[in-house]
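K.L.:
Have a peek at upload.cif (mmCIF, C-alpha atoms (C1' of nucleotides)).
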data_protein
#
loop_
_atom_site.label_atom_id
_atom_site.label_comp_id
_atom_site.auth_asym_id
_atom_site.auth_seq_id
_atom_site.Cartn_x
_atom_site.Cartn_y
_atom_site.Cartn_z
CA MET A 1 0.00 0.00 0.00
CA LYS A 2 1.32 3.39 -0.98
CA ARG A 3 1.08 5.79 1.86
CA GLU A 4 -1.42 8.60 2.15
CA ASN A 5 -0.61 12.23 1.80
CA ASN A 6 1.05 13.57 4.93
CA ALA A 7 0.92 17.27 5.67
CA HIS A 8 3.91 17.01 7.99
CA CYS A 9 6.37 15.32 5.73
CA LYS A 10 7.62 15.60 2.17
CA ASN A 11 9.81 12.54 2.35
CA VAL A 12 8.55 10.03 -0.22
CA ASN A 13 9.86 7.19 1.88
CA CYS A 14 7.93 8.33 4.92
CA THR A 15 6.02 5.35 6.27
CA GLN A 16 3.86 7.34 8.67
CA LYS A 17 0.18 7.57 7.98
CA GLY A 18 -1.47 10.89 7.30
CA GLY A 19 -3.57 12.65 9.90
CA ASN A 20 -2.86 14.74 12.95
CA GLU A 21 0.14 12.71 14.03
CA VAL A 22 3.64 14.07 14.40
CA CYS A 23 5.77 12.97 11.48
CA LEU A 24 9.20 11.80 12.56
CA CYS A 25 11.06 11.81 9.29
CA PRO A 26 12.63 15.26 9.61
CA VAL A 27 13.47 14.94 13.25
CA GLY A 28 16.60 12.83 13.05
CA ASN A 29 19.53 15.24 13.29
CA VAL A 30 18.43 17.47 16.08
CA ILE A 31 17.01 14.65 18.11
CA ASN A 32 20.32 12.85 18.00
CA VAL A 33 22.06 15.80 19.59
CA VAL A 34 19.30 16.48 22.02
CA SER A 35 18.64 12.93 23.11
CA LYS A 36 22.17 12.30 24.25
CA LYS A 37 22.51 11.77 27.92
CA TRP A 38 22.51 15.03 29.92
CA ALA A 39 21.91 17.22 26.88
CA LEU A 40 18.40 18.32 27.83
CA LEU A 41 19.35 18.85 31.45
CA ILE A 42 22.30 21.00 30.44
CA ILE A 43 20.10 23.13 28.22
CA ALA A 44 17.56 23.46 31.01
CA THR A 45 20.24 24.37 33.55
CA ILE A 46 21.78 27.04 31.37
CA GLY A 47 18.31 28.30 30.53
CA ASN A 48 17.60 28.72 34.22
CA ASN A 49 20.55 31.02 34.63
CA GLU A 50 20.99 33.18 31.54
CA LYS A 51 24.74 33.00 32.10
CA ILE A 52 26.36 30.18 34.03
CA ARG A 53 29.86 28.88 34.64
CA TYR A 54 31.21 25.37 34.12
CA THR A 55 31.57 24.62 37.81
CA LYS A 56 28.07 25.75 38.58
CA ILE A 57 26.63 23.46 35.91
CA MET A 58 28.62 20.65 37.53
CA LYS A 59 27.04 21.44 40.88
CA ASN A 60 23.53 21.72 39.53
CA LEU A 61 23.82 18.39 37.70
CA ALA A 62 25.36 16.64 40.64
CA ASP A 63 26.15 13.31 38.95
CA ILE A 64 27.64 14.39 35.66
CA SER A 65 31.34 13.75 35.09
CA PRO A 66 33.60 16.60 33.97
CA LYS A 67 34.42 14.81 30.74
CA THR A 68 30.82 14.26 29.79
CA LEU A 69 29.96 17.85 30.58
CA ALA A 70 32.84 19.16 28.51
CA ASP A 71 31.93 16.88 25.59
CA ARG A 72 28.28 17.87 25.69
CA LEU A 73 29.05 21.59 25.96
CA LYS A 74 31.25 21.36 22.89
CA GLU A 75 28.58 19.55 20.89
CA LEU A 76 25.85 21.94 21.93
CA GLU A 77 28.05 24.87 21.00
CA ASN A 78 28.89 23.37 17.60
CA PHE A 79 25.23 22.82 17.05
CA GLY A 80 24.50 26.48 17.73
CA LEU A 81 22.42 25.90 20.82
CA ILE A 82 24.72 27.47 23.39
CA GLU A 83 27.36 30.17 23.43
CA ARG A 84 30.71 30.11 25.19
CA GLU A 85 32.32 33.32 26.40
CA THR A 86 35.81 33.31 27.90
CA PHE A 87 37.42 35.96 30.09
CA ASP A 88 41.19 36.40 30.37
CA GLU A 89 41.38 36.35 34.12
CA ILE A 90 43.13 34.35 36.75
CA PRO A 91 41.48 32.16 37.79
CA PRO A 92 39.93 31.68 34.38
CA ARG A 93 36.25 32.36 33.82
CA VAL A 94 34.00 30.89 31.15
CA GLU A 95 30.32 31.68 30.86
CA TYR A 96 27.75 29.66 28.96
CA SER A 97 24.42 30.93 27.73
CA LEU A 98 21.69 29.84 25.34
CA THR A 99 21.57 31.10 21.76
CA GLN A 100 18.25 32.04 20.19
CA ASP A 101 17.89 28.46 18.96
CA GLY A 102 18.76 27.21 22.42
CA ILE A 103 16.08 29.39 23.95
CA GLU A 104 13.53 28.03 21.51
CA LEU A 105 14.58 24.52 22.37
CA ARG A 106 14.40 25.27 26.05
CA ASP A 107 10.90 26.66 25.69
CA SER A 108 9.76 23.68 23.67
CA MET A 109 10.97 21.21 26.27
CA ILE A 110 9.31 22.81 29.27
CA PRO A 111 6.19 20.64 29.05
CA LEU A 112 8.42 17.57 28.94
CA MET A 113 10.37 18.69 31.99
CA GLU A 114 7.22 19.45 33.87
CA TRP A 115 5.82 16.05 33.05
CA ALA A 116 9.07 14.41 34.17
CA SER A 117 8.98 16.49 37.30
CA LYS A 118 5.58 15.39 38.41
CA LYS A 119 6.15 11.82 37.26
CA LYS A 120 9.18 11.14 39.40
CA LYS A 121 8.95 9.01 42.55
CA MET B 1 24.45 32.65 50.40
CA LYS B 2 21.62 30.30 51.21
CA ARG B 3 19.41 29.88 48.25
CA GLU B 4 16.10 31.60 47.80
CA ASN B 5 12.73 29.97 48.13
CA ASN B 6 11.87 27.93 45.06
CA ALA B 7 8.26 27.26 44.25
CA HIS B 8 9.19 24.29 42.06
CA CYS B 9 11.35 22.33 44.44
CA LYS B 10 11.28 21.18 48.02
CA ASN B 11 14.73 19.64 47.95
CA VAL B 12 16.90 21.45 50.52
CA ASN B 13 19.98 20.68 48.48
CA CYS B 14 18.55 22.27 45.39
CA THR B 15 21.08 24.70 44.02
CA GLN B 16 18.71 26.39 41.60
CA LYS B 17 17.69 29.94 42.23
CA GLY B 18 14.10 30.88 42.85
CA GLY B 19 11.98 32.48 40.18
CA ASN B 20 10.07 31.24 37.18
CA GLU B 21 12.67 28.70 36.20
CA VAL B 22 12.09 24.97 35.86
CA CYS B 23 13.65 23.15 38.77
CA LEU B 24 15.62 20.09 37.68
CA CYS B 25 16.06 18.32 40.98
CA PRO B 26 13.16 15.88 40.61
CA VAL B 27 13.68 15.20 36.94
CA GLY B 28 16.54 12.71 37.07
CA ASN B 29 14.96 9.24 36.81
CA VAL B 30 12.48 9.76 34.06
CA ILE B 31 14.80 11.86 31.99
CA ASN B 32 17.41 9.13 32.04
CA VAL B 33 14.98 6.68 30.53
CA VAL B 34 13.57 9.15 28.11
CA SER B 35 16.81 10.66 26.90
CA LYS B 36 18.30 7.38 25.79
CA LYS B 37 18.89 7.07 22.11
CA TRP B 38 15.66 6.33 20.17
CA ALA B 39 13.43 6.42 23.26
CA LEU B 40 11.53 9.56 22.32
CA LEU B 41 11.19 8.48 18.72
CA ILE B 42 9.82 5.11 19.77
CA ILE B 43 7.26 6.76 22.03
CA ALA B 44 6.29 9.11 19.24
CA THR B 45 6.00 6.28 16.72
CA ILE B 46 3.81 4.17 18.96
CA GLY B 47 1.77 7.25 19.81
CA ASN B 48 1.15 7.80 16.12
CA ASN B 49 -0.41 4.37 15.76
CA GLU B 50 -2.36 3.44 18.89
CA LYS B 51 -1.28 -0.18 18.36
CA ILE B 52 1.81 -1.09 16.41
CA ARG B 53 3.91 -4.19 15.82
CA TYR B 54 7.64 -4.64 16.28
CA THR B 55 8.36 -4.89 12.58
CA LYS B 56 6.43 -1.75 11.79
CA ILE B 57 8.35 0.22 14.37
CA MET B 58 11.53 -1.06 12.74
CA LYS B 59 10.32 0.23 9.37
CA ASN B 60 9.25 3.61 10.71
CA LEU B 61 12.56 4.14 12.47
CA ALA B 62 14.59 3.02 9.51
CA ASP B 63 18.03 3.09 11.15
CA ILE B 64 17.39 1.45 14.48
CA SER B 65 18.92 -1.97 15.11
CA PRO B 66 16.72 -4.87 16.25
CA LYS B 67 18.70 -5.19 19.45
CA THR B 68 18.37 -1.54 20.39
CA LEU B 69 14.67 -1.59 19.64
CA ALA B 70 14.15 -4.69 21.77
CA ASP B 71 16.20 -3.19 24.63
CA ARG B 72 14.33 0.10 24.53
CA LEU B 73 10.91 -1.56 24.35
CA LYS B 74 11.69 -3.57 27.44
CA GLU B 75 12.87 -0.53 29.37
CA LEU B 76 9.88 1.53 28.36
CA GLU B 77 7.59 -1.32 29.35
CA ASN B 78 9.29 -1.73 32.73
CA PHE B 79 8.95 1.97 33.24
CA GLY B 80 5.22 1.79 32.62
CA LEU B 81 5.24 3.92 29.50
CA ILE B 82 4.23 1.29 26.97
CA GLU B 83 2.22 -1.92 27.02
CA ARG B 84 3.04 -5.18 25.28
CA GLU B 85 0.31 -7.54 24.13
CA THR B 86 1.17 -10.93 22.65
CA PHE B 87 -1.04 -13.16 20.55
CA ASP B 88 -0.58 -16.91 20.33
CA GLU B 89 -0.49 -17.12 16.59
CA ILE B 90 1.83 -18.34 13.93
CA PRO B 91 3.53 -16.26 12.79
CA PRO B 92 3.65 -14.58 16.19
CA ARG B 93 2.13 -11.18 16.71
CA VAL B 94 3.04 -8.61 19.34
CA GLU B 95 1.39 -5.24 19.61
CA TYR B 96 2.72 -2.25 21.46
CA SER B 97 0.71 0.70 22.70
CA LEU B 98 1.17 3.64 25.04
CA THR B 99 -0.03 3.49 28.63
CA GLN B 100 -1.72 6.50 30.19
CA ASP B 101 1.69 7.72 31.37
CA GLY B 102 3.06 7.14 27.90
CA ILE B 103 0.29 9.20 26.39
CA GLU B 104 1.02 12.02 28.80
CA LEU B 105 4.68 11.83 27.89
CA ARG B 106 3.86 11.80 24.22
CA ASP B 107 1.68 14.86 24.60
CA SER B 108 4.32 16.69 26.58
CA MET B 109 7.00 16.09 23.98
CA ILE B 110 5.04 17.32 21.00
CA PRO B 111 6.39 20.88 21.21
CA LEU B 112 9.91 19.45 21.31
CA MET B 113 9.29 17.29 18.26
CA GLU B 114 7.80 20.21 16.41
CA TRP B 115 10.76 22.37 17.23
CA ALA B 116 13.12 19.61 16.07
CA SER B 117 11.05 19.21 12.96
CA LYS B 118 11.24 22.83 11.87
CA LYS B 119 14.84 23.16 13.01
CA LYS B 120 16.15 20.45 10.75
CA LYS B 121 17.47 21.57 7.42
"C1'" DC C 1 7.71 -15.87 8.86
"C1'" DC C 2 7.76 -12.69 13.33
"C1'" DG C 3 9.88 -11.07 17.31
"C1'" DA C 4 13.18 -11.24 19.32
"C1'" DA C 5 18.04 -13.38 21.73
"C1'" DT C 6 23.00 -13.93 21.19
"C1'" DC C 7 27.50 -12.69 20.15
"C1'" DC C 8 30.79 -9.39 19.26
"C1'" DG C 9 33.06 -5.10 17.87
"C1'" DT C 10 32.90 -0.07 18.34
"C1'" DA C 11 31.42 4.15 20.50
"C1'" DA C 12 29.84 6.75 24.23
"C1'" DA C 13 29.74 7.67 29.22
"C1'" DG C 14 31.76 7.43 34.06
"C1'" DA C 15 35.59 7.78 37.76
"C1'" DT C 16 39.55 9.68 39.06
"C1'" DA C 17 43.73 12.17 38.86
"C1'" DC C 18 45.90 15.90 37.18
"C1'" DT C 19 47.33 20.58 34.68
"C1'" DG C 20 47.67 25.52 32.46
"C1'" DC D 1 38.58 27.43 37.54
"C1'" DA D 2 37.87 24.98 33.64
"C1'" DG D 3 38.79 21.79 31.76
"C1'" DT D 4 42.36 17.04 29.98
"C1'" DA D 5 44.28 12.45 30.19
"C1'" DT D 6 43.63 7.97 31.11
"C1'" DC D 7 41.27 4.02 32.17
"C1'" DT D 8 37.13 1.22 33.08
"C1'" DT D 9 32.41 0.39 32.19
"C1'" DT D 10 28.19 0.70 29.85
"C1'" DA D 11 25.52 1.50 25.68
"C1'" DC D 12 24.80 0.91 20.93
"C1'" DG D 13 25.10 -1.24 16.15
"C1'" DG D 14 25.25 -5.23 12.87
"C1'" DA D 15 24.98 -9.82 11.70
"C1'" DT D 16 23.33 -14.06 12.62
"C1'" DT D 17 20.41 -17.41 14.87
"C1'" DC D 18 16.20 -19.37 16.77
"C1'" DG D 19 11.72 -20.84 18.94
"C1'" DG D 20 6.99 -20.68 18.01
#
Is it possible to express this structure as structure tokens?

P.N.:
Amino acid sequence: MKRENNAHCKNVNCTQKGGNEVCLCPVGNVINVVSKKWALLIIATIGNNEKIRYTKIMKNLADISPKTLADRLKELENFGLIERETFDEIPPRVEYSLTQDGIELRDSMIPLMEWASKKKK
Amino acid sequence: MKRENNAHCKNVNCTQKGGNEVCLCPVGNVINVVSKKWALLIIATIGNNEKIRYTKIMKNLADISPKTLADRLKELENFGLIERETFDEIPPRVEYSLTQDGIELRDSMIPLMEWASKKKK
DNA sequence: CCGAATCCGTAAAGATACTG
DNA sequence: CAGTATCTTTACGGATTCGG
């Protein structure tokens, strides 16, 4: 059976049915960045602070390892979701903040976080 | 400085500031299930179909491996987000559907999926 | 045939110690 | 302070196999 017309997706190989569903074909890239472990929580943490330093993110996300945090910050920056500002001071200071895209992402994940929040325990 | 009152969180160790932010303290568990690779896409796929079989999920998520799908389905079932119904037929038939919690999750992630959808190239 | 389970190699995440 | 380096552990992917 050839698939029905789908308002959400122009991909001819899309196997989703038409209707009011959310088509998943175009979601791949972003989701793969965003669904890595800690990624959403990092975005949310930065979003809660406007500007925030590496050590403070570490404290807020108590169980993250420094390596994972550094890796994730680099990815999120490369992806244009966060911004990294360095200051030539001793001791060094680096501040992270959300870009416009990051803010949009943060806003769009608030319902998810609230669901998770009330779901826990 | 002791932290300010935070309407979202009763955890005394919460390091978030007060205000209109989303507190992350209670989010841990669920997020760790949900932010595993493919988890959100599986939820979304099942949510798009009410009932759906293993093989059809495989087709919809073209690049997932059978092992990863089986692993994720088990986790999501254990977590009470999806339901697994087996039929004693040959060839065997297994249908997956969202639980009430799964439906809530699905609803709460729609904005995120839509953001991802319009963000992608 | 369908829905996995198994085995195995690679990639990602965690723990800890350490440095510019 | 803001990360690296290094090592161990866990997660993921790919092919094959298998019971019903």

K.L.:
Evaluate the PyMOL selection byres ((chain C) within 9 of (chain B)) against this structure - the residues, as number ranges by chain, please.

P.N.:
C: 1-5

K.L.:
Okay, now the selection with C-alpha atoms (C1' of nucleotides), as a compact mmCIF listing (two decimals), keeping the file's coordinate frame?

P.N.:
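Full text of again.txt as output:
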# COMPACT_ATOMS: atom_id res chain seq x y z
C1' DC C 1 7.71 -15.87 8.86
C1' DC C 2 7.76 -12.69 13.33
C1' DG C 3 9.88 -11.07 17.31
C1' DA C 4 13.18 -11.24 19.32
C1' DA C 5 18.04 -13.38 21.73

K.L.:
Nearest to chain B: which of D:DT10, D:DG20, D:DA2, D:DA15 is it, counting all atoms listed in the file?

P.N.:
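Among the listed residues, D:DG20 lies closest to chain B.
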
K.L.:
Neighbouring residues of DG13 (chain D) were defined as those with any atom within 12 Å, considering all atoms listed in the file; residues of the same chain fewer than 4 positions away were excluded. Please report them as a PyMOL selection string.

P.N.:
(chain B and resi 37+63-69) or (chain C and resi 8-11)

K.L.:
Identify all chain D residues at most 9 Å from chain A by counting all atoms listed in the file; ligands do not count. Present them as a short mmCIF file (atom, residue, chain, number, x, y, z; two decimals) with C-alpha atoms (C1' of nucleotides), in the frame of the given file.

P.N.:
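Final output, iface_16.cif:
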data_model
loop_
_atom_site.label_atom_id
_atom_site.label_comp_id
_atom_site.auth_asym_id
_atom_site.auth_seq_id
_atom_site.Cartn_x
_atom_site.Cartn_y
_atom_site.Cartn_z
"C1'" DC D 1 38.58 27.43 37.54
"C1'" DA D 2 37.87 24.98 33.64
"C1'" DG D 3 38.79 21.79 31.76
"C1'" DT D 4 42.36 17.04 29.98
#

K.L.:
Any idea what the distance is between CA of Tyr96 (chain B) and CA of Met109 (chain B)?

P.N.:
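That distance, rounded to one decimal, is 19.0 Å.
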
K.L.:
Just how far from C1' of DC12 (chain D) is CA of Asp101 (chain A), in Å to one decimal?

P.N.:
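We find that CA of Asp101 (chain A) and C1' of DC12 (chain D) lie 28.5 Å from each other.
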
K.L.:
Quick one, how far is CA of Glu85 (chain B) from CA of Val34 (chain B)?

P.N.:
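Distance between the two atoms: 21.7 Å.
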
K.L.:
Counting all atoms listed in the file, which of A:Lys59, A:Gln100, A:Ile43, A:Lys74 gets nearest to chain B?

P.N.:
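Smallest distance to chain B is found for A:Lys59.
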
K.L.:
Could you list, as a list in words, every residue matched by the PyMOL selection byres ((chain A and resi 110) around 9) in this structure?

P.N.:
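Selected by the PyMOL selection byres ((chain A and resi 110) around 9) here: Ala44, Leu105, Arg106, Asp107, Ser108, Met109, Pro111, Leu112, Met113, Glu114 and Trp115 of chain A; Val22, Ser108, Met109, Pro111 and Leu112 of chain B.
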
K.L.:
Would you put the residues from that selection into a file with C-alpha atoms, as a PDB file, keeping the file's coordinate frame?

P.N.:
ATOM      1  CA  ALA A  44      17.560  23.460  31.010  1.00  0.00           C
ATOM      2  CA  LEU A 105      14.580  24.520  22.370  1.00  0.00           C
ATOM      3  CA  ARG A 106      14.400  25.270  26.050  1.00  0.00           C
ATOM      4  CA  ASP A 107      10.900  26.660  25.690  1.00  0.00           C
ATOM      5  CA  SER A 108       9.760  23.680  23.670  1.00  0.00           C
ATOM      6  CA  MET A 109      10.970  21.210  26.270  1.00  0.00           C
ATOM      7  CA  PRO A 111       6.190  20.640  29.050  1.00  0.00           C
ATOM      8  CA  LEU A 112       8.420  17.570  28.940  1.00  0.00           C
ATOM      9  CA  MET A 113      10.370  18.690  31.990  1.00  0.00           C
ATOM     10  CA  GLU A 114       7.220  19.450  33.870  1.00  0.00           C
ATOM     11  CA  TRP A 115       5.820  16.050  33.050  1.00  0.00           C
TER      12      TRP A 115
ATOM     13  CA  VAL B  22      12.090  24.970  35.860  1.00  0.00           C
ATOM     14  CA  SER B 108       4.320  16.690  26.580  1.00  0.00           C
ATOM     15  CA  MET B 109       7.000  16.090  23.980  1.00  0.00           C
ATOM     16  CA  PRO B 111       6.390  20.880  21.210  1.00  0.00           C
ATOM     17  CA  LEU B 112       9.910  19.450  21.310  1.00  0.00           C
TER      18      LEU B 112
END

K.L.:
Out of B:Lys51, B:Arg72, B:Arg84, B:Lys56, which residue has the shortest atom-to-atom distance to chain A when counting only C-alpha atoms?

P.N.:
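With only C-alpha atoms as the atom set, the closest residue is B:Lys56.
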